[in-house]
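All remarks here apply to the structure that follows.
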Amino acid sequence: MIEGIHVAHSMILSHQLSAYEINEVAVIIVAALAYILALGGMAIAGLIICGWGKVDNISTDWIHGKVNIVCRR
Amino acid sequence: MPALTSAFQLSGGILLDDDCISLYRDLVLTGQALEDRTVSARHELHPLAAKAIANLASEPVRAKTWIDGMLGSGMTESNVLEVIRFVNQIGGLVVRRGLRSTLDMAVRQITLAKLGGRGTARVYRAPAGVRGIASAVGRASAPLFATAPVTLSLANVAHVISLQQTELAVAVLVTLLLSMVAHELGHVLTIKHFRCDACVIQRGLRLGIIHRKMKRREELMTSLMGPMVGAVSCLAMTAVFHMNGFAEFGLAAAILHLLSLLPWYGDGRALFNNLMKS
């Protein structure tokens with residue numbers, strides 16, 4: 001159901017809102033945003049630790065939530 | 001006629017003065033009632049609300065003019081807000097807004113959020129076809145489109161992530177977006193199989209399908225098919241993108257789709273509500 005609609009208003013008397021059946025998918029977009037934010041976070045961490053253009057390699061272990069940042073000498 | 005402060009203020013953050021608005025085509029005003037043909041709902045209206053919606057239904061109108069007209073007809077500011085919020089919540093407002101106004105709205109929303117306020121999200125409704133679903137997915141993913149190119153480009157230019165990793169990230173995002181379209185198509189095709197009408201609804205990051213109430217078995221099938229098709233499409237994409245590490249992402253995305261079958265969320269809630277009816 002669409003949330004936030006009140007059944008009775010002073011200007012509108014809504015039809016039974018159970019008529020509005022809704023299937024939602026927001027978790028995928030949130031996951032995609034989280035992925036991009038994680039990449040952005042890794043990028044910023046790499047820049048802070050190694051400096052601009054000095055990152056040699058970043059490897060991620062998504063399962064254990066670990067990131068390895070290797071800097072160039 | 002009372003002075004109009006601003007459409008943004010009076011609409012609870014939904015409209016701007018220069019927005020060109022009209023009523024969604026599936027909503028039809030019959031006498032003092034607003035009929036929603038997609039879901040066969042009938043909303044009874046106060047005569048003033050019916051007059052206001054009739055103005056919207058006849059032709060596209062400027063938001064400021066529409067709100068001015070409502071205030072001029074004797075409605076209070078709270079009545080105006082109530083009508084706008086209601087029409088918005090059932091996805092009835094079709095808003096045409098230029099790029100400048102879109103940026104203006106974004107700035108206003110951010111300013112409002114900084115002040116601790118929260119505007120009402122505009123509800124976008126579209127026909128349940130591939131184009132409508134893709135458009136709704138695009139709108140829901142707007143924050144992603146705004147952040148992903150900047151993040152990936154900067155990370156790549158600064159040599160923080162390699163070109164290979166950037167390609168992988170792009171492939172993951174493309175998979176997620178396409179799988180969302182597939183997920184919604186799964187719902188829509190099932191609903192259409194049962195000869196029902198449907199519409200796509202997008203509100204903020206939320207995306208869904210509204211449809212008329214169907215038989216219990218049909219509702220169950222509809223709720224199940226979206227996540228199943230979404231999950232299968234993610235797995236199928238692993239066959240398209242042969243990249244190192246992509247298979248794990250494809251599997252994770254498939255699991256994400258199936259997670260929407262959990263009982264406290266979207267499809268899962270609809271599924272369990274129907275199961276509990278037995």
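Ordering of the structure tokens sets the chain letters (A, B, ...), residue numbers begin anew at 1 in every chain, and ligands are numbered from 1 in the order given.
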Expected answer as a PyMOL selection string: chain B residues within 8 Å of chain A, only C-alpha atoms: chain B and resi 39-46+48-49+79+82-83+86+89-90+140-141+143-144+147-148+151-152+155+157-162+173+176+180+187+205-213+223+253+256-257+260+265-267+270
Run DSSP on the backbone of this structure and report the residues of segment 22-167 of chain B it assigns to alpha helix (DSSP H), as number ranges by chain. B: 47-58, 63-72, 77-89, 99-114, 130-140, 142-157, 163-167
Quick one: everything within 12 Å of Leu93 of chain B, counting only C-alpha atoms, minus sequence neighbours fewer than 3 positions away in the same chain. Send it as a PyMOL selection string. chain B and resi 11+14-15+19-27+53+56-57+60-61+63+83-90+96+121-126+201
Restricted to C-alpha atoms, what would the selected residues look like written as a PDB file, in the first residue's frame?
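As written to disk, selection.pdb reads:
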```
ATOM      1  CA  SER B  11       2.773  22.563  -1.620  1.00  0.00           C
ATOM      2  CA  ILE B  14       6.524  19.459  -4.031  1.00  0.00           C
ATOM      3  CA  LEU B  15       6.014  22.261  -6.557  1.00  0.00           C
ATOM      4  CA  ASP B  19       6.123  24.168 -12.849  1.00  0.00           C
ATOM      5  CA  CYS B  20       3.710  23.176 -15.593  1.00  0.00           C
ATOM      6  CA  ILE B  21       1.361  20.639 -14.024  1.00  0.00           C
ATOM      7  CA  SER B  22      -1.461  18.406 -15.170  1.00  0.00           C
ATOM      8  CA  LEU B  23      -3.417  15.392 -13.930  1.00  0.00           C
ATOM      9  CA  TYR B  24      -2.215  11.875 -14.725  1.00  0.00           C
ATOM     10  CA  ARG B  25      -4.311  10.428 -17.545  1.00  0.00           C
ATOM     11  CA  ASP B  26      -5.634   7.424 -15.560  1.00  0.00           C
ATOM     12  CA  LEU B  27      -7.245   9.755 -13.036  1.00  0.00           C
ATOM     13  CA  ILE B  53      -8.764  19.128  -9.674  1.00  0.00           C
ATOM     14  CA  LEU B  56      -5.856  20.577 -13.411  1.00  0.00           C
ATOM     15  CA  ALA B  57      -7.580  17.932 -15.530  1.00  0.00           C
ATOM     16  CA  PRO B  60      -1.654  21.843 -18.172  1.00  0.00           C
ATOM     17  CA  VAL B  61      -1.494  24.786 -15.818  1.00  0.00           C
ATOM     18  CA  ALA B  63       1.582  25.722 -10.419  1.00  0.00           C
ATOM     19  CA  VAL B  83      -5.296  18.508  -2.008  1.00  0.00           C
ATOM     20  CA  ILE B  84      -1.771  18.766  -3.426  1.00  0.00           C
ATOM     21  CA  ARG B  85      -0.411  16.101  -1.056  1.00  0.00           C
ATOM     22  CA  PHE B  86      -3.260  13.734  -1.805  1.00  0.00           C
ATOM     23  CA  VAL B  87      -2.993  14.053  -5.600  1.00  0.00           C
ATOM     24  CA  ASN B  88       0.778  13.677  -5.298  1.00  0.00           C
ATOM     25  CA  GLN B  89       0.552  10.580  -3.086  1.00  0.00           C
ATOM     26  CA  ILE B  90      -1.567   8.694  -5.595  1.00  0.00           C
ATOM     27  CA  ARG B  96       7.039  19.457 -16.358  1.00  0.00           C
ATOM     28  CA  ALA B 121       8.908  13.609  -2.096  1.00  0.00           C
ATOM     29  CA  ARG B 122       7.189  13.965  -5.440  1.00  0.00           C
ATOM     30  CA  VAL B 123       5.583  10.769  -6.659  1.00  0.00           C
ATOM     31  CA  TYR B 124       6.190   9.892 -10.286  1.00  0.00           C
ATOM     32  CA  ARG B 125       3.735   7.627 -12.041  1.00  0.00           C
ATOM     33  CA  ALA B 126       4.212   6.072 -15.454  1.00  0.00           C
ATOM     34  CA  ILE B 201       5.265   4.427  -9.077  1.00  0.00           C
TER      35      ILE B 201
END
```
As a PyMOL selection string, which residues of segment 39-107 of chain B does DSSP assign to strand (DSSP E)? chain B and resi 41-45+61-62+93-96
Suppose you want the space between atom CA of Ile67 of chain B and atom CA of Gly138 of chain B; what is it in Å? 29.3 Å
Name the residues in contact with segment 101-111 of chain B at a cut-off of 8 Å, using only C-alpha atoms, excluding same-chain residues fewer than 6 positions from it; report them as JSON, numbers by chain. {"B": [13, 16, 18, 19, 118, 119]}
Kindly save the residues from that selection, with N, CA and C atoms included, as a compact mmCIF listing (two decimals), in the first residue's frame.
```txt
# COMPACT_ATOMS: atom_id res chain seq x y z
N GLY B 13 6.82 21.58 -0.42
CA GLY B 13 8.09 21.24 -1.07
C GLY B 13 7.95 20.37 -2.30
N LEU B 16 7.16 24.07 -7.66
CA LEU B 16 7.75 25.40 -7.78
C LEU B 16 6.77 26.27 -8.57
N ASP B 18 6.92 28.00 -11.27
CA ASP B 18 6.87 27.90 -12.73
C ASP B 18 6.63 26.48 -13.26
N ASP B 19 6.39 25.54 -12.39
CA ASP B 19 6.12 24.17 -12.85
C ASP B 19 4.85 24.14 -13.69
N ARG B 118 11.72 18.71 6.28
CA ARG B 118 11.70 17.61 5.32
C ARG B 118 10.53 17.81 4.37
N GLY B 119 10.84 18.03 3.11
CA GLY B 119 9.79 18.22 2.12
C GLY B 119 9.19 16.87 1.71
```
Tell me, in Å to one decimal, how far atom CA of Gly92 of chain B is from atom CA of Leu177 of chain B.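 Atom-to-atom, atom CA of Gly92 of chain B to atom CA of Leu177 of chain B, that is 25.4 Å.
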Tell me which protein, DNA and RNA residues are within 10 Å of Lys192 of chain B, counting only C-alpha atoms, leaving out same-chain ones fewer than 4 positions away, and put them as a compact mmCIF listing (two decimals) with N, CA and C atoms, in the first residue's frame.
```
# COMPACT_ATOMS: atom_id res chain seq x y z
N ALA B 128 2.95 1.07 -17.13
CA ALA B 128 3.80 -0.07 -16.81
C ALA B 128 4.31 -0.75 -18.07
N HIS B 187 7.03 -8.30 -12.31
CA HIS B 187 5.74 -8.00 -11.68
C HIS B 187 4.68 -7.66 -12.74
N VAL B 188 5.07 -6.74 -13.64
CA VAL B 188 4.11 -6.22 -14.62
C VAL B 188 3.59 -7.32 -15.55
N CYS B 196 -4.88 -7.67 -15.65
CA CYS B 196 -5.07 -6.52 -14.77
C CYS B 196 -4.23 -5.36 -15.29
N ASP B 197 -4.63 -4.16 -14.92
CA ASP B 197 -3.88 -2.98 -15.33
C ASP B 197 -2.89 -2.63 -14.22
N ALA B 198 -1.80 -1.97 -14.59
CA ALA B 198 -0.79 -1.61 -13.59
C ALA B 198 -0.10 -0.31 -13.96
N HIS B 211 -1.41 -1.74 -8.59
CA HIS B 211 -2.36 -2.49 -9.40
C HIS B 211 -3.61 -2.76 -8.60
N THR B 222 2.38 -12.66 -8.36
CA THR B 222 2.92 -11.35 -8.73
C THR B 222 4.07 -10.95 -7.81
```
Using only C-alpha atoms, determine which residues lie at most 9 Å from Pro263 of chain B, disregarding the query and same-chain residues fewer than 5 positions distant; provide the list as number ranges by chain. B: 268-273
